[in-house]
file start08.txt (compact mmCIF, C-alpha atoms)
# COMPACT_ATOMS: atom_id res chain seq x y z
CA MET A 1 33.49 211.79 123.02
CA ILE A 2 33.97 208.40 121.31
CA ARG A 3 31.39 207.53 118.62
CA HIS A 4 31.02 204.33 116.58
CA LEU A 5 29.81 204.95 113.02
CA LYS A 6 30.22 201.26 112.21
CA ARG A 7 30.71 198.24 114.51
CA ARG A 8 32.12 194.78 113.86
CA GLN A 9 30.28 191.52 114.51
CA ASP A 10 29.31 190.90 118.14
CA ALA A 11 31.57 188.84 120.41
CA ALA A 12 29.01 186.07 120.99
CA THR A 13 28.79 185.22 117.28
CA ILE A 14 32.59 185.11 117.03
CA ALA A 15 32.84 182.86 120.11
CA HIS A 16 30.30 180.40 118.66
CA ALA A 17 32.37 180.02 115.50
CA ASP A 18 35.55 179.58 117.56
CA ALA A 19 33.97 176.68 119.48
CA LYS A 20 33.35 174.74 116.26
CA VAL A 21 36.96 175.23 115.21
CA ARG A 22 38.22 173.96 118.58
CA ASP A 23 36.25 170.72 118.31
CA THR A 24 37.43 170.06 114.75
CA VAL A 25 41.09 170.63 115.61
CA GLU A 26 40.94 168.51 118.74
CA ALA A 27 39.66 165.54 116.71
CA ILE A 28 42.42 165.90 114.10
CA ILE A 29 45.18 166.08 116.72
CA ARG A 30 43.82 163.01 118.52
CA SER A 31 43.69 161.04 115.27
CA ILE A 32 47.29 161.89 114.36
CA GLU A 33 48.43 160.98 117.87
CA GLU A 34 46.84 157.56 117.47
CA ARG A 35 47.57 156.78 113.82
CA GLY A 36 50.57 158.90 112.82
CA ASP A 37 51.41 159.15 109.13
CA VAL A 38 48.26 157.29 108.09
CA ALA A 39 46.08 160.01 109.59
CA VAL A 40 48.29 162.79 108.20
CA ARG A 41 47.90 161.40 104.70
CA GLU A 42 44.12 160.98 105.08
CA TYR A 43 43.71 164.60 106.15
CA SER A 44 45.97 165.81 103.34
CA ARG A 45 43.77 163.99 100.83
CA GLN A 46 40.59 165.27 102.48
CA PHE A 47 41.50 168.95 102.85
CA ASP A 48 44.07 169.57 100.09
CA GLN A 49 43.46 166.73 97.61
CA TRP A 50 47.18 166.07 97.96
CA ASP A 51 48.68 162.58 98.21
CA PRO A 52 52.30 162.50 96.97
CA ALA A 53 54.62 159.55 97.40
CA ASP A 54 56.60 161.59 99.93
CA PHE A 55 55.57 164.89 101.55
CA ARG A 56 59.22 165.84 102.01
CA LEU A 57 60.77 167.47 98.96
CA SER A 58 63.97 165.99 97.58
CA GLU A 59 66.99 168.08 96.60
CA ASP A 60 66.02 167.61 92.95
CA GLU A 61 62.48 168.85 93.61
CA ILE A 62 63.84 171.90 95.42
CA ARG A 63 66.23 172.69 92.54
CA LYS A 64 63.36 172.30 90.09
CA ALA A 65 61.23 174.74 92.10
CA VAL A 66 64.01 177.34 92.18
CA GLY A 67 64.51 176.89 88.44
CA GLN A 68 60.89 177.80 87.72
CA LEU A 69 61.35 181.38 88.90
CA SER A 70 62.45 184.22 86.67
CA GLY A 71 65.57 186.22 87.37
CA ARG A 72 63.49 189.17 88.60
CA GLU A 73 61.49 186.94 90.95
CA LEU A 74 64.67 185.52 92.45
CA GLU A 75 66.11 189.02 92.76
CA ASP A 76 63.03 190.26 94.61
CA ILE A 77 63.05 187.32 97.02
CA ARG A 78 66.74 187.90 97.72
CA PHE A 79 66.12 191.63 98.26
CA ALA A 80 63.39 190.92 100.83
CA GLN A 81 65.53 188.32 102.59
CA LYS A 82 68.48 190.70 102.72
CA GLN A 83 66.38 193.32 104.53
CA ILE A 84 64.88 190.80 106.95
CA ARG A 85 68.23 189.13 107.64
CA HIS A 86 69.94 192.45 108.30
CA PHE A 87 67.36 193.62 110.82
CA ALA A 88 67.27 190.21 112.52
CA GLN A 89 71.07 190.22 112.80
CA LYS A 90 71.00 193.65 114.43
CA GLN A 91 68.35 192.42 116.85
CA ARG A 92 70.51 189.39 117.68
CA GLU A 93 73.51 191.64 118.31
CA SER A 94 71.45 193.57 120.86
CA MET A 95 71.05 190.41 122.96
CA VAL A 96 74.31 189.90 124.81
CA ASP A 97 75.36 187.21 127.25
CA ILE A 98 76.27 188.66 130.64
CA GLU A 99 78.40 187.57 133.59
CA ILE A 100 78.79 189.80 136.64
CA GLU A 101 80.17 189.53 140.15
CA THR A 102 77.23 190.62 142.28
CA LEU A 103 79.02 190.11 145.63
CA PRO A 104 82.64 189.25 146.40
CA GLY A 105 83.03 185.68 145.16
CA VAL A 106 79.48 185.41 143.72
CA VAL A 107 79.19 185.30 139.93
CA LEU A 108 75.87 185.31 138.05
CA GLY A 109 75.26 185.22 134.34
CA HIS A 110 72.92 184.38 131.53
CA LYS A 111 73.32 182.91 128.06
CA HIS A 112 71.03 183.12 125.04
CA ILE A 113 70.70 179.56 123.75
CA PRO A 114 68.94 178.81 120.44
CA VAL A 115 66.07 176.32 120.39
CA ASN A 116 67.33 173.08 118.83
CA ALA A 117 64.52 172.31 116.37
CA VAL A 118 61.83 174.61 114.98
CA GLY A 119 58.87 173.91 112.70
CA CYS A 120 57.95 176.82 110.43
CA TYR A 121 54.45 176.82 108.96
CA VAL A 122 53.92 178.88 105.80
CA PRO A 123 50.32 179.46 104.66
CA GLY A 124 49.77 178.85 101.00
CA GLY A 125 46.40 177.33 100.25
CA LYS A 126 44.47 180.50 99.34
CA TYR A 127 47.37 182.90 98.81
CA PRO A 128 50.99 181.74 98.41
CA MET A 129 52.46 183.51 101.46
CA ILE A 130 56.05 183.67 100.25
CA ALA A 131 57.00 186.31 102.80
CA SER A 132 56.07 184.06 105.72
CA ALA A 133 58.96 181.79 104.76
CA HIS A 134 61.39 184.68 105.18
CA MET A 135 59.87 185.74 108.48
CA SER A 136 60.12 182.36 110.15
CA VAL A 137 62.85 180.32 108.46
CA LEU A 138 65.31 183.15 107.96
CA THR A 139 64.83 184.58 111.45
CA ALA A 140 65.33 181.14 113.03
CA LYS A 141 68.51 180.75 110.99
CA VAL A 142 69.91 184.05 112.25
CA ALA A 143 69.10 182.98 115.80
CA GLY A 144 71.23 179.86 115.33
CA VAL A 145 68.53 177.15 115.35
CA LYS A 146 70.20 173.83 114.44
CA ARG A 147 67.27 172.16 112.64
CA ILE A 148 64.65 174.12 110.74
CA VAL A 149 61.67 172.26 109.28
CA ALA A 150 59.50 174.25 106.86
CA THR A 151 56.13 173.22 105.49
CA ALA A 152 53.43 174.75 103.32
CA PRO A 153 50.30 173.32 101.71
CA PRO A 154 50.23 172.61 97.99
CA TYR A 155 49.05 175.46 95.81
CA GLN A 156 46.82 174.48 92.90
CA GLY A 157 47.94 170.89 93.14
CA ALA A 158 51.71 171.29 93.57
CA PRO A 159 54.33 172.79 95.87
CA HIS A 160 54.47 176.51 95.15
CA PRO A 161 57.89 177.19 93.56
CA ALA A 162 58.34 180.63 95.10
CA ILE A 163 57.49 179.40 98.62
CA VAL A 164 59.89 176.48 98.23
CA THR A 165 62.58 178.83 96.94
CA ALA A 166 62.09 181.23 99.85
CA MET A 167 62.30 178.36 102.34
CA HIS A 168 65.45 177.04 100.67
CA LEU A 169 67.22 180.39 100.40
CA GLY A 170 66.18 181.21 103.97
CA GLY A 171 68.02 178.16 105.26
CA ALA A 172 65.42 175.41 105.84
CA ASP A 173 66.95 171.98 106.50
CA GLU A 174 63.80 170.02 105.64
CA ILE A 175 61.00 171.18 103.34
CA PHE A 176 57.57 169.53 103.22
CA ALA A 177 54.57 170.08 100.97
CA LEU A 178 51.98 169.60 103.68
CA GLY A 179 49.36 171.96 105.01
CA GLY A 180 46.84 172.65 107.73
CA VAL A 181 46.36 171.15 111.16
CA GLN A 182 47.94 167.91 109.95
CA ALA A 183 51.20 169.72 109.19
CA VAL A 184 51.64 171.53 112.50
CA THR A 185 50.52 168.49 114.50
CA ALA A 186 52.95 166.20 112.69
CA MET A 187 55.81 168.62 113.39
CA ALA A 188 54.80 169.07 117.02
CA ILE A 189 54.32 165.45 118.08
CA GLY A 190 56.36 163.66 115.42
CA THR A 191 55.29 160.80 113.18
CA GLU A 192 57.05 157.88 111.51
CA SER A 193 58.32 160.14 108.72
CA ILE A 194 58.56 163.57 110.41
CA ALA A 195 60.77 163.98 113.46
CA GLY A 196 59.19 166.23 116.09
CA VAL A 197 60.36 169.76 116.79
CA ASP A 198 60.66 171.84 119.95
CA MET A 199 58.80 174.93 118.73
CA LEU A 200 56.16 175.90 116.15
CA VAL A 201 56.10 179.29 114.45
CA GLY A 202 54.30 181.02 111.62
CA PRO A 203 50.83 182.32 110.80
CA GLY A 204 47.93 180.30 109.45
CA ASN A 205 44.18 180.16 109.18
CA MET A 206 41.87 179.76 112.17
CA PHE A 207 42.39 175.98 112.25
CA VAL A 208 46.19 176.24 112.23
CA ALA A 209 46.07 178.92 114.93
CA GLU A 210 43.84 176.75 117.08
CA ALA A 211 46.10 173.73 116.55
CA LYS A 212 49.09 175.74 117.78
CA ARG A 213 47.07 176.78 120.83
CA GLN A 214 46.16 173.19 121.66
CA LEU A 215 49.71 171.93 121.06
CA TYR A 216 51.29 174.65 123.20
CA GLY A 217 52.98 173.05 126.17
CA ARG A 218 54.12 169.99 124.28
CA VAL A 219 56.07 172.44 122.15
CA GLY A 220 56.70 176.13 122.32
CA ILE A 221 55.00 178.53 119.93
CA ASP A 222 55.79 182.01 118.72
CA LEU A 223 52.46 183.52 119.82
CA PHE A 224 48.70 182.99 119.80
CA ALA A 225 47.47 184.36 116.50
CA GLY A 226 44.07 184.83 114.94
CA PRO A 227 42.86 186.56 111.78
CA THR A 228 44.91 189.51 110.53
CA GLU A 229 43.92 192.84 112.09
CA THR A 230 44.56 196.36 110.87
CA LEU A 231 43.85 199.70 112.52
CA VAL A 232 44.20 202.94 110.61
CA ILE A 233 44.59 206.02 112.83
CA ALA A 234 44.10 209.10 110.68
CA ASP A 235 43.24 212.78 110.77
CA ASP A 236 42.48 215.33 108.06
CA THR A 237 46.09 215.37 106.83
CA VAL A 238 45.20 212.35 104.65
CA ASP A 239 42.26 211.52 102.41
CA ALA A 240 39.66 208.79 102.27
CA GLU A 241 41.27 207.02 99.32
CA LEU A 242 44.46 206.31 101.26
CA CYS A 243 42.52 205.17 104.33
CA ALA A 244 40.30 202.84 102.31
CA VAL A 245 43.27 201.30 100.47
CA ASP A 246 45.05 200.56 103.75
CA LEU A 247 41.92 199.03 105.29
CA LEU A 248 41.02 196.80 102.35
CA GLY A 249 44.65 195.86 101.71
CA GLN A 250 44.57 193.85 104.93
CA ALA A 251 40.89 192.89 104.88
CA GLU A 252 41.62 190.69 101.87
CA HIS A 253 43.57 188.31 104.13
CA GLY A 254 40.32 186.60 105.06
CA PRO A 255 36.59 187.09 105.67
CA THR A 256 37.10 187.29 109.45
CA SER A 257 39.91 189.88 109.40
CA PRO A 258 39.05 192.92 111.55
CA CYS A 259 39.76 196.32 109.98
CA ALA A 260 39.11 199.60 111.75
CA LEU A 261 39.38 203.31 111.05
CA LEU A 262 40.02 205.52 114.08
CA THR A 263 39.84 209.24 113.38
CA ASN A 264 39.10 212.64 114.88
CA SER A 265 37.53 213.82 111.63
CA GLN A 266 33.84 213.11 111.09
CA ALA A 267 34.20 214.13 107.46
CA LEU A 268 37.06 211.67 106.88
CA ALA A 269 35.11 208.89 108.60
CA GLU A 270 32.06 209.36 106.39
CA ALA A 271 34.13 209.77 103.25
CA THR A 272 36.11 206.61 103.97
CA ILE A 273 32.95 204.52 104.37
CA LYS A 274 31.85 205.67 100.90
CA GLU A 275 35.31 205.18 99.44
CA VAL A 276 35.52 201.61 100.75
CA GLU A 277 32.32 200.77 98.88
CA ARG A 278 33.68 202.37 95.71
CA GLN A 279 36.92 200.39 95.89
CA LEU A 280 35.13 197.13 96.66
CA ALA A 281 33.35 197.46 93.32
CA ILE A 282 36.68 197.16 91.49
CA LEU A 283 38.94 195.21 93.90
CA PRO A 284 39.76 191.72 92.55
CA THR A 285 39.62 190.27 96.09
CA ALA A 286 36.38 192.05 96.98
CA ASP A 287 34.56 188.81 97.78
CA ILE A 288 36.89 188.28 100.75
CA ALA A 289 37.66 191.89 101.68
CA GLY A 290 34.01 192.90 101.37
CA LYS A 291 32.86 190.22 103.80
CA ALA A 292 35.59 191.18 106.26
CA TRP A 293 34.55 194.83 106.04
CA ALA A 294 30.83 194.06 106.34
CA GLU A 295 31.16 191.78 109.36
CA HIS A 296 34.38 192.88 111.04
CA GLY A 297 34.92 196.45 109.89
CA SER A 298 34.50 199.40 112.25
CA VAL A 299 34.72 203.18 112.11
CA ILE A 300 35.31 205.10 115.33
CA VAL A 301 35.31 208.90 115.66
CA CYS A 302 36.99 210.67 118.58
CA ASP A 303 37.50 214.31 119.46
CA THR A 304 41.19 214.29 120.35
CA ASP A 305 44.45 212.40 119.87
CA ALA A 306 44.27 211.43 123.55
CA GLU A 307 40.91 209.72 122.97
CA MET A 308 42.25 207.97 119.89
CA LEU A 309 45.26 206.75 121.87
CA GLN A 310 42.93 205.38 124.56
CA VAL A 311 40.83 203.47 122.02
CA ALA A 312 43.86 202.19 120.12
CA ASP A 313 45.42 200.77 123.27
CA GLU A 314 42.12 199.12 124.21
CA LEU A 315 41.84 197.51 120.77
CA ALA A 316 45.50 196.34 120.86
CA TYR A 317 45.45 195.53 117.14
CA GLU A 318 48.10 193.66 115.22
CA HIS A 319 48.90 196.33 112.60
CA VAL A 320 48.50 200.03 113.38
CA GLN A 321 48.89 202.48 110.49
CA VAL A 322 49.28 206.04 111.85
CA MET A 323 48.65 208.90 109.42
CA THR A 324 48.35 212.02 111.54
CA ARG A 325 50.09 215.36 111.98
CA ASP A 326 52.22 213.93 114.77
CA PRO A 327 52.67 210.16 114.37
CA ASP A 328 55.44 210.23 116.96
CA PHE A 329 52.78 210.94 119.59
CA TYR A 330 51.63 207.35 119.11
CA LEU A 331 55.17 205.98 118.91
CA HIS A 332 56.01 207.52 122.27
CA ASN A 333 52.72 206.86 124.04
CA MET A 334 51.00 203.81 122.59
CA THR A 335 51.72 200.56 124.46
CA ASN A 336 49.52 197.85 122.91
CA TYR A 337 50.21 197.01 119.26
CA GLY A 338 51.91 194.39 117.12
CA ALA A 339 53.70 196.81 114.80
CA LEU A 340 53.43 200.53 114.06
CA PHE A 341 53.57 202.00 110.56
CA LEU A 342 54.26 205.70 110.96
CA GLY A 343 53.25 208.22 108.33
CA PRO A 344 51.56 207.89 104.92
CA ARG A 345 54.77 206.90 103.09
CA THR A 346 54.87 203.49 104.75
CA ASN A 347 52.12 200.89 105.11
CA VAL A 348 51.38 197.41 106.41
CA SER A 349 52.14 195.77 103.08
CA PHE A 350 55.75 197.00 103.26
CA GLY A 351 56.05 195.28 106.63
CA ASP A 352 54.34 192.16 105.36
CA LYS A 353 56.64 191.72 102.40
CA CYS A 354 60.01 193.38 102.31
CA ILE A 355 60.93 196.30 104.58
CA GLY A 356 62.73 194.12 107.12
CA THR A 357 60.58 193.90 110.25
CA ASN A 358 58.78 190.64 110.99
CA HIS A 359 55.15 190.23 109.93
CA THR A 360 54.17 187.46 112.37
CA LEU A 361 52.45 189.57 115.01
CA PRO A 362 50.01 189.24 117.95
CA THR A 363 46.24 189.42 117.38
CA ASN A 364 43.14 189.06 119.58
CA ARG A 365 44.45 191.73 121.99
CA ASN A 366 47.51 189.61 122.76
CA ALA A 367 49.61 192.69 122.05
CA ARG A 368 48.82 193.65 125.65
CA TYR A 369 51.50 191.18 126.77
CA THR A 370 53.68 190.19 123.81
CA GLY A 371 55.33 191.54 120.72
CA GLY A 372 55.67 189.67 117.46
CA LEU A 373 58.04 187.04 116.14
CA TRP A 374 61.67 188.13 116.19
CA VAL A 375 65.08 186.55 116.60
CA GLY A 376 64.70 186.58 120.39
CA LYS A 377 61.72 184.21 120.23
CA PHE A 378 64.07 181.45 119.09
CA LEU A 379 66.45 181.99 122.00
CA LYS A 380 66.16 180.71 125.55
CA THR A 381 67.68 183.08 128.09
CA CYS A 382 69.17 180.70 130.67
CA THR A 383 70.90 181.74 133.87
CA TYR A 384 73.84 180.22 135.76
CA GLN A 385 75.74 180.92 138.99
CA ARG A 386 79.12 180.32 140.53
CA VAL A 387 80.34 180.81 144.09
CA LEU A 388 84.12 181.24 144.05
CA SER A 389 85.05 181.54 147.72
CA ASP A 390 84.39 179.68 150.97
CA GLN A 391 83.45 182.95 152.63
CA ALA A 392 80.76 183.73 150.04
CA SER A 393 79.29 180.23 150.25
CA ALA A 394 79.08 180.34 154.05
CA MET A 395 77.59 183.83 154.08
CA LEU A 396 74.90 182.91 151.55
CA GLY A 397 74.29 179.66 153.43
CA GLU A 398 73.46 181.49 156.64
CA VAL A 399 70.91 183.77 154.98
CA CYS A 400 69.45 180.96 152.90
CA SER A 401 69.09 178.70 155.94
CA ARG A 402 67.08 181.31 157.84
CA LEU A 403 64.84 181.97 154.81
CA CYS A 404 64.22 178.22 154.42
CA HIS A 405 63.30 178.05 158.11
CA MET A 406 60.60 180.70 157.55
CA GLU A 407 59.20 178.64 154.69
CA HIS A 408 59.36 175.29 156.58
CA PHE A 409 61.66 173.72 153.96
CA ALA A 410 63.94 171.32 155.86
CA GLY A 411 65.71 169.86 152.82
CA HIS A 412 66.34 173.26 151.31
CA GLY A 413 67.68 174.43 154.65
CA GLU A 414 70.09 171.53 154.92
CA GLN A 415 71.51 172.36 151.49
CA ALA A 416 72.45 175.71 152.96
CA ASN A 417 73.54 174.36 156.35
CA ILE A 418 76.09 171.91 154.94
CA ARG A 419 77.80 174.73 153.03
CA VAL A 420 78.10 176.71 156.25
CA ARG A 421 79.58 173.70 158.06
CA ARG A 422 82.04 172.88 155.28
CA TYR A 423 83.09 176.31 154.06
CA GLY A 424 82.60 178.60 157.06
CA GLU A 425 85.69 179.58 159.00
CA ARG A 426 85.26 178.61 162.64
CA GLY A 427 85.97 182.10 163.82
CA ASP A 428 83.31 183.60 161.58
CA VAL A 429 80.49 181.14 162.20
CA ALA A 430 81.17 179.66 165.63
CA TRP A 431 77.98 181.33 166.83
CA TYR A 432 75.97 179.94 163.93
CA GLN A 433 73.42 177.27 164.73
CA PRO A 434 71.63 175.66 161.75
CA VAL A 435 67.91 176.21 162.12
CA GLN A 436 65.28 173.53 161.74
CA PRO A 437 61.79 174.02 160.28
CA LEU A 438 59.00 174.98 162.59
CA ALA A 439 56.92 172.04 163.76
call {"tool": "encode", "arguments": {"input": "start08.txt", "output": "structure tokens"}}
result
Amino acid sequence: MIRHLKRRQDAATIAHADAKVRDTVEAIIRSIEERGDVAVREYSRQFDQWDPADFRLSEDEIRKAVGQLSGRELEDIRFAQKQIRHFAQKQRESMVDIEIETLPGVVLGHKHIPVNAVGCYVPGGKYPMIASAHMSVLTAKVAGVKRIVATAPPYQGAPHPAIVTAMHLGGADEIFALGGVQAVTAMAIGTESIAGVDMLVGPGNMFVAEAKRQLYGRVGIDLFAGPTETLVIADDTVDAELCAVDLLGQAEHGPTSPCALLTNSQALAEATIKEVERQLAILPTADIAGKAWAEHGSVIVCDTDAEMLQVADELAYEHVQVMTRDPDFYLHNMTNYGALFLGPRTNVSFGDKCIGTNHTLPTNRNARYTGGLWVGKFLKTCTYQRVLSDQASAMLGEVCSRLCHMEHFAGHGEQANIRVRRYGERGDVAWYQPVQPLA
């Protein structure tokens, strides 16, 4: 039996807040469409109190940012990028171009073609999300993207040196100190000073996420993303302290971040609720994490692993931390998740920062139909075909002509018919009469 000891905020309240965000974003996009750089600068002043002579950083400004970091800080950024680059390269190697002869004289293939220009948004207003630069810029670079534009809001009145460094070391071609809806809109539609891109990637707050949703179609996006989600699946092999740490560690992302404990131990569920309150009393980010827990936290108790699997797949959360006797049960059977973190020795923070997998992942149950950002998101898989012999062209033409006749497509049918007339040997197709569409 599935029991809820604590539930998150109801769906109607969440939907009402989402509607306000939609209206705000729509107005900003329309203004930038109409007024370009002037509107971008106005919104930057309004939201970030940021009005530099040029939003794009010069080579000197980039060198200065890199020079502000200590040797250890540079070493740690390079370590994280090495792990992320290595895994992305292995993913890229798994995607091979193919060309096969499916019938005598008929050759089909596909190629993986990188997107030409990508805009990478890196959040940095509240927390300087250095790792997001690795996840987007570096992964696009491994995929072979020709032009990579990276942007992040100012942090405490200036470009954040570590974010700029991560963008630079990751391979960004253009770096901007610009945040929010104005940044992603400028990259998507282009302005007088920012050339448009073909695709937007990267996480952001609810306004940035909504802007990507509204801009989708004009440009591609990595995925539809909302507030960070974390699900801890645990049994009595772990304690409440570990569960509470892993819940609050992600709840601090923002006050609307869902965090859930799913367990088959009533004792662990009750102990974790108490432990969360104890940790909130000493956590430096308790004002954010506490609100997330109060309004979007949940505790669900089940009787069996099978019930927990059912609930987990229904939730389809972004991050799923599994700390049970048999975490492989979830690896082999769970189908809806952004990323799995198996066993107590790993955790979501490793994935967020440095272990090598990508931290831009689906939320809002979008894990039902997509995985997260990876090198393949920057590649278009495009097919091609060749017909090498007259016989193959005539044979396909006969079948295609009859199929077009069934669908009443005269022009399509004539494309097939002319190949039969030109390439068919008279002895093979003397009986063949091109068909016309039904009246």
call {"tool": "atom_distance", "arguments": {"input": "start08.txt", "atom1": "atom CA of Glu275 of chain A", "atom2": "atom CA of Gly204 of chain A"}}
result
29.6 Å
call {"tool": "atom_distance", "arguments": {"input": "start08.txt", "atom1": "atom CA of Ile233 of chain A", "atom2": "atom CA of Arg7 of chain A"}}
result
16.0 Å
call {"tool": "closest_residue", "arguments": {"input": "start08.txt", "among": "A:Asn205, A:Thr237, A:Gln391, A:Asn358", "to": "Val21 of chain A", "atoms": "only C-alpha atoms"}}
result
A:Asn205
call {"tool": "atom_distance", "arguments": {"input": "start08.txt", "atom1": "atom CA of Pro203 of chain A", "atom2": "atom CA of Gly351 of chain A"}}
result
14.6 Å
call {"tool": "residues_around", "arguments": {"input": "start08.txt", "residues": "Met129 of chain A", "least_positions_apart": "6", "cutoff": "10 Å", "atoms": "only C-alpha atoms", "output": "PyMOL selection string"}}
result
chain A and resi 122-123+152+160+162-163+203-204+352-353
call {"tool": "closest_residue", "arguments": {"input": "start08.txt", "among": "A:His168, A:His4, A:His112, A:Arg30", "to": "Val66 of chain A", "atoms": "all atoms listed in the file"}}
result
A:His168
call {"tool": "residues_around", "arguments": {"input": "start08.txt", "residues": "Arg8 of chain A", "least_positions_apart": "4", "cutoff": "8 Å", "atoms": "all atoms listed in the file", "output": "PDB file with C-alpha atoms, in the coordinates of the input"}}
result
ATOM      1  CA  PRO A 258      39.050 192.920 111.550  1.00  0.00           C
ATOM      2  CA  ALA A 294      30.830 194.060 106.340  1.00  0.00           C
ATOM      3  CA  GLU A 295      31.160 191.780 109.360  1.00  0.00           C
ATOM      4  CA  HIS A 296      34.380 192.880 111.040  1.00  0.00           C
ATOM      5  CA  GLY A 297      34.920 196.450 109.890  1.00  0.00           C
ATOM      6  CA  SER A 298      34.500 199.400 112.250  1.00  0.00           C
TER       7      SER A 298
END
call {"tool": "closest_residue", "arguments": {"input": "start08.txt", "among": "A:Asp246, A:Glu33, A:Glu425, A:Glu210", "to": "Glu192 of chain A", "atoms": "all atoms listed in the file"}}
result
A:Glu33
call {"tool": "residues_around", "arguments": {"input": "start08.txt", "residues": "segment 101-103 of chain A", "least_positions_apart": "3", "cutoff": "10 Å", "atoms": "only C-alpha atoms", "output": "PyMOL selection string"}}
result
chain A and resi 106-109+385-388+392
call {"tool": "closest_residue", "arguments": {"input": "start08.txt", "among": "A:His359, A:Arg422, A:Arg218, A:Lys6", "to": "Trp293 of chain A", "atoms": "only C-alpha atoms"}}
result
A:Lys6
call {"tool": "residues_near_point", "arguments": {"input": "start08.txt", "point": "(49.6, 210.9, 113.8)", "cutoff": "12 Å", "atoms": "all atoms listed in the file", "output": "ChimeraX atom specification"}}
result
/A:232-238,262-264,304-306,308-309,320-334,340-344
call {"tool": "residues_around", "arguments": {"input": "start08.txt", "residues": "Tyr423 of chain A", "least_positions_apart": "3", "cutoff": "8 Å", "atoms": "only C-alpha atoms", "output": "list in words"}}
result
Asp390, Gln391, Ser393, Ala394, Arg419 and Val420 of chain A
call {"tool": "residues_around", "arguments": {"input": "start08.txt", "residues": "segment 126-128 of chain A", "least_positions_apart": "6", "cutoff": "12 Å", "atoms": "all atoms listed in the file", "output": "short mmCIF file (atom, residue, chain, number, x, y, z; two decimals) with C-alpha atoms, keeping the file's coordinate frame"}}
result
data_model
loop_
_atom_site.label_atom_id
_atom_site.label_comp_id
_atom_site.auth_asym_id
_atom_site.auth_seq_id
_atom_site.Cartn_x
_atom_site.Cartn_y
_atom_site.Cartn_z
CA ASP A 48 44.07 169.57 100.09
CA ALA A 152 53.43 174.75 103.32
CA PRO A 153 50.30 173.32 101.71
CA PRO A 154 50.23 172.61 97.99
CA TYR A 155 49.05 175.46 95.81
CA GLN A 156 46.82 174.48 92.90
CA GLY A 157 47.94 170.89 93.14
CA ALA A 158 51.71 171.29 93.57
CA PRO A 159 54.33 172.79 95.87
CA HIS A 160 54.47 176.51 95.15
CA PRO A 161 57.89 177.19 93.56
CA ALA A 162 58.34 180.63 95.10
CA ILE A 163 57.49 179.40 98.62
CA VAL A 164 59.89 176.48 98.23
CA ALA A 166 62.09 181.23 99.85
CA GLY A 179 49.36 171.96 105.01
CA GLY A 180 46.84 172.65 107.73
CA GLY A 204 47.93 180.30 109.45
CA ASN A 205 44.18 180.16 109.18
CA GLU A 252 41.62 190.69 101.87
CA HIS A 253 43.57 188.31 104.13
CA GLY A 254 40.32 186.60 105.06
CA THR A 285 39.62 190.27 96.09
CA ILE A 288 36.89 188.28 100.75
#
call {"tool": "closest_residue", "arguments": {"input": "start08.txt", "among": "A:Thr165, A:Arg45, A:Thr335, A:Glu99", "to": "Lys64 of chain A", "atoms": "all atoms listed in the file"}}
result
A:Thr165
call {"tool": "closest_residue", "arguments": {"input": "start08.txt", "among": "A:Asp37, A:Glu93, A:Asp23, A:Asp76", "to": "Ser193 of chain A", "atoms": "only C-alpha atoms"}}
result
A:Asp37
call {"tool": "residues_near_point", "arguments": {"input": "start08.txt", "point": "(72.4, 180.3, 150.7)", "cutoff": "9 Å", "atoms": "only C-alpha atoms", "output": "MDAnalysis selection string"}}
result
chainID A and resid 393:403 413 415:417 419:420
call {"tool": "closest_atom_pairs", "arguments": {"input": "start08.txt", "of": "segment 353-409 of chain A", "to": "segment 133-150 of chain A", "cutoff": "12 Å", "atoms": "all atoms listed in the file", "output": "tab-separated table"}}
result
residue	atom	partner	partner_atom	distance
A:Lys353	CA	A:His134	CA	8.9
A:Cys354	CA	A:His134	CA	9.3
A:Ile355	CA	A:Met135	CA	11.3
A:Gly356	CA	A:Met135	CA	9.0
A:Thr357	CA	A:Met135	CA	8.4
A:Asn358	CA	A:Met135	CA	5.6
A:His359	CA	A:Met135	CA	6.7
A:Thr360	CA	A:Met135	CA	7.1
A:Leu361	CA	A:Met135	CA	10.6
A:Gly372	CA	A:Met135	CA	10.7
A:Leu373	CA	A:Ser136	CA	7.9
A:Trp374	CA	A:Thr139	CA	6.7
A:Val375	CA	A:Ala143	CA	5.4
A:Gly376	CA	A:Ala143	CA	7.3
A:Lys377	CA	A:Ala140	CA	8.6
A:Phe378	CA	A:Ala140	CA	6.2
A:Leu379	CA	A:Ala143	CA	6.8
A:Lys380	CA	A:Ala143	CA	10.4
